[in-house]
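**Student:** Provided below: start_25.cif, containing mmCIF, C-alpha atoms.
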data_query
loop_
_atom_site.label_atom_id
_atom_site.label_comp_id
_atom_site.auth_asym_id
_atom_site.auth_seq_id
_atom_site.Cartn_x
_atom_site.Cartn_y
_atom_site.Cartn_z
CA MET A 1 -12.36 -38.26 -16.52
CA LYS A 2 -11.05 -34.86 -17.69
CA ARG A 3 -13.91 -33.11 -15.89
CA PHE A 4 -13.07 -35.06 -12.73
CA ARG A 5 -9.39 -34.04 -12.94
CA ASN A 6 -10.35 -30.36 -13.40
CA TYR A 7 -12.70 -30.57 -10.43
CA GLY A 8 -9.97 -32.21 -8.34
CA SER A 9 -7.40 -29.57 -9.25
CA LYS A 10 -9.86 -26.79 -8.30
CA GLN A 11 -10.50 -28.47 -4.96
CA ILE A 12 -6.75 -28.74 -4.28
CA ARG A 13 -6.17 -25.07 -5.18
CA GLY A 14 -9.04 -24.01 -2.96
CA PHE A 15 -7.70 -26.17 -0.12
CA LEU A 16 -4.21 -24.67 -0.43
CA THR A 17 -5.57 -21.11 -0.65
CA THR A 18 -7.65 -21.59 2.48
CA HIS A 19 -4.68 -22.94 4.39
CA ARG A 20 -2.47 -20.06 3.23
CA ILE A 21 -5.05 -17.58 4.50
CA LEU A 22 -5.40 -19.37 7.83
CA PHE A 23 -1.61 -19.52 8.18
CA ALA A 24 -1.33 -15.77 7.49
CA VAL A 25 -4.07 -14.97 10.01
CA VAL A 26 -2.45 -17.14 12.70
CA ILE A 27 0.99 -15.58 12.10
CA LEU A 28 -0.39 -12.02 12.23
CA ILE A 29 -2.47 -12.61 15.35
CA PHE A 30 0.45 -14.32 17.11
CA GLY A 31 2.78 -11.46 16.15
CA LEU A 32 0.25 -8.87 17.27
CA LEU A 33 -0.37 -10.48 20.67
CA SER A 34 3.30 -11.18 21.42
CA THR A 35 4.32 -7.64 20.42
CA LEU A 36 1.46 -6.25 22.49
CA LEU A 37 2.69 -8.11 25.58
CA LEU A 38 6.26 -6.91 25.03
CA SER A 39 5.09 -3.33 24.45
CA LEU A 40 3.23 -3.37 27.77
CA SER A 41 6.27 -4.62 29.66
CA GLN A 42 9.14 -2.75 27.99
CA GLY A 43 10.05 0.93 28.18
CA ALA A 44 11.92 3.42 30.32
CA VAL A 45 10.52 1.53 33.33
CA PRO A 46 10.55 -2.21 32.51
CA PHE A 47 7.82 -4.40 34.00
CA SER A 48 7.79 -8.11 34.66
CA PHE A 49 4.81 -10.04 33.32
CA ASP A 50 3.41 -10.36 36.84
CA GLU A 51 3.65 -6.59 37.30
CA VAL A 52 1.90 -6.05 33.97
CA LEU A 53 -0.94 -8.32 35.06
CA GLN A 54 -1.26 -6.60 38.43
CA ALA A 55 -1.30 -3.15 36.84
CA LEU A 56 -3.92 -4.26 34.32
CA LEU A 57 -6.11 -5.40 37.23
CA ARG A 58 -5.54 -2.04 38.98
CA GLN A 59 -3.44 -3.70 41.67
CA GLY A 60 0.11 -3.18 42.90
CA GLU A 61 2.05 0.10 42.87
CA PRO A 62 -0.02 3.17 41.85
CA LEU A 63 2.92 4.54 39.82
CA LYS A 64 3.06 1.42 37.64
CA GLN A 65 -0.70 1.52 37.17
CA THR A 66 -0.39 5.12 35.98
CA ILE A 67 2.46 4.26 33.60
CA LEU A 68 0.51 1.38 32.11
CA TRP A 69 -2.96 2.93 31.84
CA ASP A 70 -2.10 6.54 31.09
CA LEU A 71 1.05 6.14 28.99
CA ARG A 72 1.56 2.73 27.44
CA ILE A 73 -1.96 1.48 26.71
CA PRO A 74 -3.17 4.62 24.86
CA ARG A 75 0.13 4.72 22.95
CA ILE A 76 -0.28 1.08 21.91
CA ILE A 77 -3.89 1.66 20.85
CA ALA A 78 -2.76 4.68 18.84
CA ALA A 79 -0.12 2.51 17.13
CA ILE A 80 -2.75 -0.11 16.28
CA LEU A 81 -5.14 2.50 14.84
CA VAL A 82 -2.48 4.35 12.85
CA GLY A 83 -0.80 1.19 11.57
CA SER A 84 -4.05 -0.45 10.46
CA ALA A 85 -5.15 2.78 8.74
CA LEU A 86 -1.86 3.14 6.85
CA GLY A 87 -1.77 -0.55 5.90
CA MET A 88 -5.28 -0.57 4.45
CA SER A 89 -4.79 2.84 2.82
CA GLY A 90 -1.75 1.53 0.98
CA ALA A 91 -3.63 -1.56 -0.21
CA LEU A 92 -6.52 0.59 -1.44
CA LEU A 93 -4.26 2.94 -3.39
CA GLN A 94 -2.23 0.11 -4.91
CA GLY A 95 -5.46 -1.52 -6.07
CA MET A 96 -6.94 1.72 -7.41
CA LEU A 97 -3.79 2.76 -9.29
CA ARG A 98 -2.76 -0.80 -10.20
CA ASN A 99 0.72 0.20 -9.12
CA SER A 100 2.52 -1.97 -6.58
CA LEU A 101 4.78 0.93 -5.54
CA ALA A 102 1.94 3.25 -4.54
CA ASP A 103 1.56 4.24 -0.91
CA PRO A 104 -0.76 6.55 1.07
CA PHE A 105 1.38 9.62 0.40
CA ILE A 106 1.29 9.38 -3.39
CA LEU A 107 -1.73 11.70 -3.53
CA GLY A 108 0.07 14.47 -1.66
CA ILE A 109 -1.25 13.62 1.81
CA SER A 110 2.13 14.09 3.50
CA ALA A 111 2.85 17.32 1.65
CA GLY A 112 -0.49 18.93 2.47
CA ALA A 113 -0.44 17.90 6.11
CA GLY A 114 3.20 18.89 6.57
CA LEU A 115 2.70 22.32 5.05
CA VAL A 116 -0.21 23.09 7.37
CA VAL A 117 1.81 21.98 10.39
CA ILE A 118 4.80 24.12 9.51
CA VAL A 119 2.61 27.18 8.91
CA MET A 120 0.86 26.78 12.27
CA VAL A 121 4.12 26.12 14.13
CA GLY A 122 5.83 29.05 12.45
CA LEU A 123 2.99 31.46 13.23
CA GLN A 124 2.52 30.01 16.75
CA VAL A 125 -1.27 29.95 16.35
CA PHE A 126 -3.83 27.31 17.36
CA GLN A 127 -1.18 24.82 18.47
CA ALA A 128 -3.78 22.50 20.01
CA TRP A 129 -5.52 22.26 16.64
CA ILE A 130 -2.49 20.99 14.71
CA PRO A 131 -3.79 17.37 14.32
CA LEU A 132 -7.18 18.51 13.03
CA ALA A 133 -5.60 21.10 10.75
CA ALA A 134 -3.21 18.49 9.36
CA TRP A 135 -6.17 16.24 8.61
CA PHE A 136 -7.98 18.99 6.70
CA GLY A 137 -4.78 19.95 4.87
CA ALA A 138 -4.31 16.36 3.70
CA ILE A 139 -7.88 16.08 2.47
CA ILE A 140 -7.79 19.42 0.64
CA THR A 141 -4.49 18.51 -1.04
CA THR A 142 -5.85 15.15 -2.17
CA THR A 143 -8.95 16.87 -3.56
CA ILE A 144 -6.72 19.16 -5.63
CA VAL A 145 -4.70 16.19 -6.90
CA ILE A 146 -7.86 14.28 -7.89
CA PHE A 147 -9.16 17.38 -9.71
CA LEU A 148 -5.88 17.64 -11.63
CA GLY A 149 -5.97 13.93 -12.36
CA ARG A 150 -9.27 14.06 -14.23
CA SER A 151 -9.10 13.67 -17.98
CA GLY A 152 -12.08 13.53 -20.31
CA GLY A 153 -14.57 13.15 -17.48
CA LYS A 154 -12.74 10.21 -15.92
CA LEU A 155 -9.91 9.70 -13.46
CA ALA A 156 -6.68 8.90 -15.34
CA VAL A 157 -4.19 6.91 -13.29
CA GLU A 158 -1.12 8.40 -14.98
CA ARG A 159 -2.33 11.99 -14.55
CA LEU A 160 -3.22 11.28 -10.92
CA ILE A 161 0.28 10.04 -10.11
CA LEU A 162 1.92 12.95 -11.94
CA ALA A 163 -0.35 15.44 -10.17
CA GLY A 164 0.55 13.92 -6.80
CA VAL A 165 4.27 14.16 -7.54
CA ALA A 166 3.95 17.75 -8.75
CA VAL A 167 1.91 18.95 -5.76
CA SER A 168 4.18 17.13 -3.31
CA SER A 169 7.26 18.74 -4.86
CA LEU A 170 5.71 22.21 -4.74
CA PHE A 171 4.56 21.89 -1.13
CA GLY A 172 7.90 20.34 -0.13
CA ALA A 173 9.74 23.36 -1.49
CA VAL A 174 7.43 25.69 0.45
CA GLN A 175 8.02 23.62 3.61
CA SER A 176 11.80 23.92 3.24
CA THR A 177 11.57 27.69 2.76
CA LEU A 178 9.38 28.13 5.84
CA LEU A 179 11.71 25.96 7.95
CA LEU A 180 14.70 28.10 6.92
CA LEU A 181 12.83 31.24 8.00
CA ALA A 182 11.62 29.80 11.32
CA GLU A 183 13.34 30.07 14.69
CA ASP A 184 15.34 27.18 16.15
CA GLY A 185 12.70 26.10 18.67
CA GLN A 186 9.99 26.14 16.03
CA ILE A 187 12.13 24.09 13.65
CA GLN A 188 12.62 21.38 16.28
CA GLN A 189 8.90 21.25 17.04
CA ALA A 190 7.98 20.99 13.38
CA LEU A 191 10.60 18.34 12.62
CA ASN A 192 9.50 16.18 15.55
CA TRP A 193 6.00 16.15 14.10
CA LEU A 194 7.05 15.74 10.46
CA ILE A 195 9.28 12.73 11.23
CA GLY A 196 6.38 10.97 12.94
CA SER A 197 6.10 9.96 16.56
CA LEU A 198 3.75 8.28 19.03
CA ASN A 199 5.47 9.77 22.07
CA GLY A 200 2.99 11.55 24.33
CA ARG A 201 -0.10 10.23 22.55
CA GLY A 202 -2.80 9.74 25.17
CA TRP A 203 -6.45 8.89 25.53
CA GLN A 204 -7.54 12.22 24.06
CA GLU A 205 -5.90 11.50 20.70
CA VAL A 206 -7.20 7.92 20.71
CA ILE A 207 -10.79 8.90 21.52
CA SER A 208 -10.85 11.70 18.95
CA ALA A 209 -9.39 9.60 16.11
CA ALA A 210 -10.86 6.15 16.76
CA PRO A 211 -14.48 6.73 15.57
CA TYR A 212 -13.73 7.95 12.05
CA LEU A 213 -10.79 5.59 11.60
CA VAL A 214 -12.95 2.59 12.51
CA VAL A 215 -15.68 3.76 10.12
CA ALA A 216 -13.08 4.25 7.36
CA LEU A 217 -11.61 0.77 7.97
CA ILE A 218 -15.05 -0.82 7.65
CA SER A 219 -15.78 1.24 4.53
CA GLY A 220 -12.47 0.13 3.02
CA CYS A 221 -13.36 -3.54 3.48
CA LEU A 222 -16.65 -2.92 1.65
CA LEU A 223 -14.72 -1.70 -1.42
CA ALA A 224 -13.04 -5.09 -1.96
CA ARG A 225 -15.37 -6.11 -4.81
CA SER A 226 -14.77 -2.86 -6.70
CA LEU A 227 -11.00 -3.28 -6.39
CA ASN A 228 -11.17 -6.88 -7.61
CA LEU A 229 -13.03 -5.67 -10.69
CA LEU A 230 -10.66 -2.75 -11.27
CA ALA A 231 -7.75 -5.20 -11.17
CA LEU A 232 -9.17 -6.86 -14.32
CA GLY A 233 -8.45 -3.73 -16.39
CA ASP A 234 -10.55 -0.74 -17.36
CA ASP A 235 -12.19 -2.28 -20.44
CA LEU A 236 -13.26 -5.49 -18.73
CA ALA A 237 -14.37 -3.63 -15.59
CA VAL A 238 -16.58 -1.31 -17.67
CA GLY A 239 -17.96 -4.35 -19.48
CA LEU A 240 -18.95 -5.79 -16.08
CA GLY A 241 -20.85 -2.61 -15.22
CA VAL A 242 -18.25 -0.75 -13.14
CA ASN A 243 -18.33 3.05 -13.13
CA LEU A 244 -14.59 3.76 -13.17
CA MET A 245 -14.82 7.39 -12.08
CA ARG A 246 -17.14 6.71 -9.16
CA SER A 247 -15.27 3.60 -8.02
CA ARG A 248 -11.88 5.32 -8.03
CA LEU A 249 -13.25 8.39 -6.28
CA MET A 250 -14.73 6.22 -3.53
CA VAL A 251 -11.48 4.30 -3.10
CA ALA A 252 -9.43 7.52 -3.09
CA ALA A 253 -11.78 9.13 -0.55
CA VAL A 254 -11.57 6.22 1.90
CA ALA A 255 -7.79 5.85 1.44
CA THR A 256 -7.33 9.57 2.06
CA LEU A 257 -9.54 9.50 5.15
CA LEU A 258 -7.49 6.61 6.55
CA ALA A 259 -4.11 8.17 5.83
CA ALA A 260 -5.15 11.65 6.93
CA GLY A 261 -6.60 10.27 10.15
CA ALA A 262 -3.31 8.46 10.80
CA VAL A 263 -1.36 11.66 10.09
CA SER A 264 -3.54 13.62 12.50
CA VAL A 265 -2.55 11.25 15.33
CA SER A 266 1.10 10.39 14.72
CA GLY A 267 2.44 12.83 12.17
CA LEU A 268 4.08 11.62 8.97
CA ILE A 269 5.02 7.93 9.10
CA GLY A 270 6.13 6.39 5.85
CA PHE A 271 6.61 2.92 4.34
CA ILE A 272 3.82 1.17 6.31
CA GLY A 273 1.40 1.56 3.41
CA LEU A 274 4.03 0.37 0.93
CA VAL A 275 5.57 -2.55 2.80
CA VAL A 276 2.57 -4.19 4.45
CA PRO A 277 0.33 -4.82 1.38
CA HIS A 278 3.31 -6.38 -0.42
CA GLY A 279 3.98 -8.78 2.42
CA ILE A 280 0.32 -9.74 2.72
CA ARG A 281 0.02 -10.17 -1.04
CA LEU A 282 2.92 -12.62 -1.04
CA MET A 283 1.13 -14.70 1.59
CA VAL A 284 -2.51 -14.68 0.45
CA GLY A 285 -2.59 -13.44 -3.15
CA ASN A 286 -4.50 -10.57 -4.76
CA ASP A 287 -8.06 -11.11 -3.57
CA TYR A 288 -8.92 -7.80 -1.92
CA ARG A 289 -11.62 -9.41 0.22
CA ILE A 290 -8.72 -10.99 2.12
CA LEU A 291 -5.95 -8.52 1.33
CA LEU A 292 -7.63 -5.44 2.81
CA PRO A 293 -8.42 -6.70 6.34
CA LEU A 294 -5.10 -8.52 6.61
CA SER A 295 -3.25 -5.38 5.46
CA ALA A 296 -4.91 -3.51 8.32
CA LEU A 297 -3.87 -6.26 10.74
CA GLY A 298 -0.33 -6.35 9.37
CA GLY A 299 0.00 -2.56 9.54
CA ALA A 300 -1.10 -2.57 13.17
CA TRP A 301 1.53 -5.20 14.02
CA LEU A 302 4.35 -3.52 12.10
CA LEU A 303 3.84 -0.07 13.61
CA MET A 304 3.48 -1.51 17.11
CA PHE A 305 6.72 -3.46 16.55
CA ALA A 306 8.51 -0.34 15.23
CA ASP A 307 7.27 1.68 18.21
CA LEU A 308 8.58 -1.03 20.55
CA LEU A 309 12.00 -0.85 18.87
CA SER A 310 12.01 2.94 19.16
CA ARG A 311 11.62 2.68 22.95
CA LEU A 312 14.26 0.04 23.66
CA GLY A 313 17.35 2.27 23.50
CA SER A 314 18.62 4.75 26.04
CA VAL A 315 17.29 7.56 23.81
CA GLU A 316 13.82 7.16 22.31
CA LEU A 317 13.76 7.44 18.52
CA PRO A 318 10.86 8.81 16.46
CA VAL A 319 8.88 5.85 15.19
CA GLY A 320 8.88 7.39 11.71
CA SER A 321 12.67 6.99 11.61
CA VAL A 322 12.39 3.34 12.62
CA THR A 323 9.79 2.56 9.91
CA ALA A 324 12.02 4.31 7.35
CA LEU A 325 15.01 2.20 8.42
CA LEU A 326 12.89 -0.96 8.18
CA GLY A 327 11.12 -0.01 4.97
CA SER A 328 13.90 1.50 2.86
CA PRO A 329 15.78 -1.78 2.20
CA LEU A 330 12.53 -3.51 1.27
CA PHE A 331 11.60 -0.64 -1.05
CA ILE A 332 14.96 -1.00 -2.82
CA TRP A 333 14.37 -4.74 -3.11
CA LEU A 334 10.91 -4.14 -4.60
CA LEU A 335 12.38 -1.79 -7.19
CA TYR A 336 14.97 -4.43 -8.06
CA GLN A 337 12.30 -7.13 -8.37
CA ARG A 338 10.16 -4.85 -10.53
CA LYS A 339 13.12 -4.19 -12.84
CA ALA A 340 13.94 -7.90 -13.02
CA GLY A 341 10.31 -8.69 -13.85
CA GLU A 342 10.26 -6.18 -16.69
#
Any chance you could give the structure as structure tokens?
**Tutor:**
Amino acid sequence: MKRFRNYGSKQIRGFLTTHRILFAVVILIFGLLSTLLLSLSQGAVPFSFDEVLQALLRQGEPLKQTILWDLRIPRIIAAILVGSALGMSGALLQGMLRNSLADPFILGISAGAGLVVIVMVGLQVFQAWIPLAAWFGAIITTTIVIFLGRSGGKLAVERLILAGVAVSSLFGAVQSTLLLLAEDGQIQQALNWLIGSLNGRGWQEVISAAPYLVVALISGCLLARSLNLLALGDDLAVGLGVNLMRSRLMVAAVATLLAAGAVSVSGLIGFIGLVVPHGIRLMVGNDYRILLPLSALGGAWLLMFADLLSRLGSVELPVGSVTALLGSPLFIWLLYQRKAGE
């Protein structure tokens, strides 16, 4: 009888978990599709749904076809790519560091990318190469942080976080100094990029970023088992045959590739990697086989929604400012909850 009750309770828990996952998937897909439809129809030139359909079919006014295909669709695709990359990157880093307040910029990605951008803007050299240079700057900075985070032949979580904070502070100070020495026009150009924006992103940015972001997203999903084992603690993970150094390096490499790829397209957009994994975790739990793909889906929806909000006013706002306004209150709430839990 006791065995039967245990079996029944396991079946009920499995049933409830499955329904929670299906509910989360339905909510995210519905939000993504509805926001996609609104993003296609809203902007400086609003479209009716019939006009959207005609423009999608290459019918109706040529101007509206141009607006839809050359401006809005590539921008929406860029938002989906960047949001999914930041969402999964945040989930990967939170799992690797076992820190719920970690986000894609904790390894110095924003500092390295921002410093490269300001240098190139200030020197007025290779302006067309700014996205690629920002990507390399982010990767190099993360490599330095990982090197500083090694202790005794393994990757120490505490040292890694401290190294990221130290490098970010150093590079941030250098950025401020360079901005003070730059001319007014250069300052505005650098700030527009550092705040984060999807304005003007076209097919060229989408085509150049999509291949390696898609590969990185697939690679991130394949790391779910390693993250589930790391979540058990170092001692138990080692007992189960996990190589801690190799596993954390792989997770850090994929998370950096995702975040750096996002930075190379949109500039520095914060809070997506912090907010989205928390929301998904509340809905489906801590199984990274589910958490990682849904974090990518949730990040795509949230950034597309923030970009839609940024375009609704008479003056278009940088999408990075909108995500900061949306994410800051939640971040404060998470800190409060963390304190209450302790």
**Student:** Run the PyMOL selection byres ((chain A and resi 194) around 12) on the file and write out the hits as an NGL selection string.
**Tutor:** :A and (110-118 or 121 or 130-131 or 134 or 172 or 175-176 or 179 or 187-193 or 195-198 or 263-270 or 318-321)
**Student:** If the PyMOL selection byres ((chain A and resi 255) around 10) is run on the structure shown, which residues does it catch, given as a PDB file with C-alpha atoms, in the coordinates of the input?
**Tutor:**
ATOM      1  CA  ALA A  85      -5.150   2.780   8.740  1.00  0.00           C
ATOM      2  CA  LEU A  86      -1.860   3.140   6.850  1.00  0.00           C
ATOM      3  CA  GLY A  87      -1.770  -0.550   5.900  1.00  0.00           C
ATOM      4  CA  MET A  88      -5.280  -0.570   4.450  1.00  0.00           C
ATOM      5  CA  SER A  89      -4.790   2.840   2.820  1.00  0.00           C
ATOM      6  CA  GLY A  90      -1.750   1.530   0.980  1.00  0.00           C
ATOM      7  CA  ALA A  91      -3.630  -1.560  -0.210  1.00  0.00           C
ATOM      8  CA  LEU A  92      -6.520   0.590  -1.440  1.00  0.00           C
ATOM      9  CA  LEU A  93      -4.260   2.940  -3.390  1.00  0.00           C
ATOM     10  CA  MET A  96      -6.940   1.720  -7.410  1.00  0.00           C
ATOM     11  CA  ASP A 103       1.560   4.240  -0.910  1.00  0.00           C
ATOM     12  CA  PRO A 104      -0.760   6.550   1.070  1.00  0.00           C
ATOM     13  CA  PHE A 105       1.380   9.620   0.400  1.00  0.00           C
ATOM     14  CA  LEU A 107      -1.730  11.700  -3.530  1.00  0.00           C
ATOM     15  CA  ALA A 216     -13.080   4.250   7.360  1.00  0.00           C
ATOM     16  CA  LEU A 217     -11.610   0.770   7.970  1.00  0.00           C
ATOM     17  CA  SER A 219     -15.780   1.240   4.530  1.00  0.00           C
ATOM     18  CA  GLY A 220     -12.470   0.130   3.020  1.00  0.00           C
ATOM     19  CA  LEU A 249     -13.250   8.390  -6.280  1.00  0.00           C
ATOM     20  CA  MET A 250     -14.730   6.220  -3.530  1.00  0.00           C
ATOM     21  CA  VAL A 251     -11.480   4.300  -3.100  1.00  0.00           C
ATOM     22  CA  ALA A 252      -9.430   7.520  -3.090  1.00  0.00           C
ATOM     23  CA  ALA A 253     -11.780   9.130  -0.550  1.00  0.00           C
ATOM     24  CA  VAL A 254     -11.570   6.220   1.900  1.00  0.00           C
ATOM     25  CA  THR A 256      -7.330   9.570   2.060  1.00  0.00           C
ATOM     26  CA  LEU A 257      -9.540   9.500   5.150  1.00  0.00           C
ATOM     27  CA  LEU A 258      -7.490   6.610   6.550  1.00  0.00           C
ATOM     28  CA  ALA A 259      -4.110   8.170   5.830  1.00  0.00           C
ATOM     29  CA  ALA A 260      -5.150  11.650   6.930  1.00  0.00           C
ATOM     30  CA  GLY A 261      -6.600  10.270  10.150  1.00  0.00           C
TER      31      GLY A 261
END
**Student:** Taking the file as shown, find all residues satisfying the PyMOL selection byres ((chain A and resi 242) around 12) and write them as an NGL selection string.
**Tutor:** :A and (225-241 or 243-248)
**Student:** So how many Å separate atom CA of A:Gly122 and atom CA of A:Ile272, to one decimal?
**Tutor:**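 Taking atom CA of A:Gly122 and atom CA of A:Ile272, their separation equals 28.6 Å.
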**Student:** Rounded to one decimal place, report the atom CA of A:Leu40-atom CA of A:Trp301 distance in Å.
**Tutor:** 14.0 Å
**Student:** I'd like the contact shell of A:Gly43 - 6 Å cut-off, all atoms listed in the file, skipping same-chain residues fewer than 2 positions apart - returned as a list in words.
**Tutor:**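 So, after excluding close chain neighbours, the residues are Val45, Pro46 and Arg311 of chain A.
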**Student:** For the residues in the current selection, export C-alpha atoms as a tab-separated table (two decimals), in the frame of the given file.
**Tutor:**
chain	number	residue	atom	x	y	z
A	45	VAL	CA	10.52	1.53	33.33
A	46	PRO	CA	10.55	-2.21	32.51
A	311	ARG	CA	11.62	2.68	22.95
**Student:** May I have the residues within 8 Å of stretch 30-38 of chain A as a list in words, using only C-alpha atoms and disregarding those fewer than 5 positions away in the same chain?
**Tutor:**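 Contacts, with the query itself left out: Ile76, Ala300, Trp301, Met304, Phe305 and Leu308 of chain A.
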**Student:** With only C-alpha atoms as the counted atoms, please give the residues lying no more than 7 Å from A:Leu274, apart from itself and same-chain residues fewer than 3 positions off, as an mmCIF file with C-alpha atoms, keeping the file's coordinate frame.
**Tutor:**
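Result went into selection_35.cif, see below:
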data_model
loop_
_atom_site.group_PDB
_atom_site.id
_atom_site.type_symbol
_atom_site.label_atom_id
_atom_site.label_comp_id
_atom_site.auth_asym_id
_atom_site.auth_seq_id
_atom_site.Cartn_x
_atom_site.Cartn_y
_atom_site.Cartn_z
ATOM 1 C CA GLY A 90 -1.750 1.530 0.980
ATOM 2 C CA LEU A 101 4.780 0.930 -5.540
ATOM 3 C CA ALA A 102 1.940 3.250 -4.540
ATOM 4 C CA ASP A 103 1.560 4.240 -0.910
ATOM 5 C CA PHE A 271 6.610 2.920 4.340
ATOM 6 C CA PRO A 277 0.330 -4.820 1.380
ATOM 7 C CA HIS A 278 3.310 -6.380 -0.420
#
**Student:** What does the distance from atom CA of A:Leu148 to atom CA of A:Ala262 come to in Å, to one decimal?
**Tutor:**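 Computing the Euclidean distance for atom CA of A:Leu148 and atom CA of A:Ala262 yields 24.4 Å.
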**Student:** Neighbours of A:Gln65 within 9 Å (all atoms listed in the file; same-chain residues fewer than 5 positions away dropped), as an MDAnalysis selection string?
**Tutor:** chainID A and resid 52 54:60 70
**Student:** Is it possible to get the residues within 12 Å of (-6.5, -6.5, 9.9) (coordinates as in the file, counting all atoms listed in the file) written as a PyMOL selection string?
**Tutor:** chain A and resi 24-29+32+80-89+91+214+217-218+220-221+276-277+280+289-302
**Student:** If the box runs along x, y and z of the file and leaves 3 Å on each side of stretch 77-81 of chain A, what are its centre and edge lengths in Å, one decimal, as AutoDock Vina command-line options?
**Tutor:**
--center_x -2.6 --center_y 2.3 --center_z 17.8 --size_x 11.0 --size_y 10.8 --size_z 12.0
**Student:** Report as a PyMOL selection string all protein, DNA and RNA residues lying within 10 Å of A:Gly149, evaluated on only C-alpha atoms, omitting residues in the same chain fewer than 5 positions from it.
**Tutor:** chain A and resi 143-144+154-164
**Student:** Taking all atoms listed in the file into account, which of A:Ser39, A:Ser100, A:Asn286, A:Gln186 comes nearest A:Ile73?
**Tutor:**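 For A:Ile73, the nearest of the candidates is A:Ser39.
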**Student:** For a quick check of understanding, using only C-alpha atoms, which of A:Ala224, A:Ala44, A:Leu181, A:Ala324 has the smallest distance to A:Lys64?
**Tutor:**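 Among the listed residues, the smallest separation from A:Lys64 belongs to A:Ala44.
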**Student:** Between A:Asp307, A:Tyr336, A:Val174, A:Ser208, which residue has the minimum interatomic distance to A:Val322, considering all atoms listed in the file?
**Tutor:**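 For A:Val322, the nearest of the candidates is A:Asp307.
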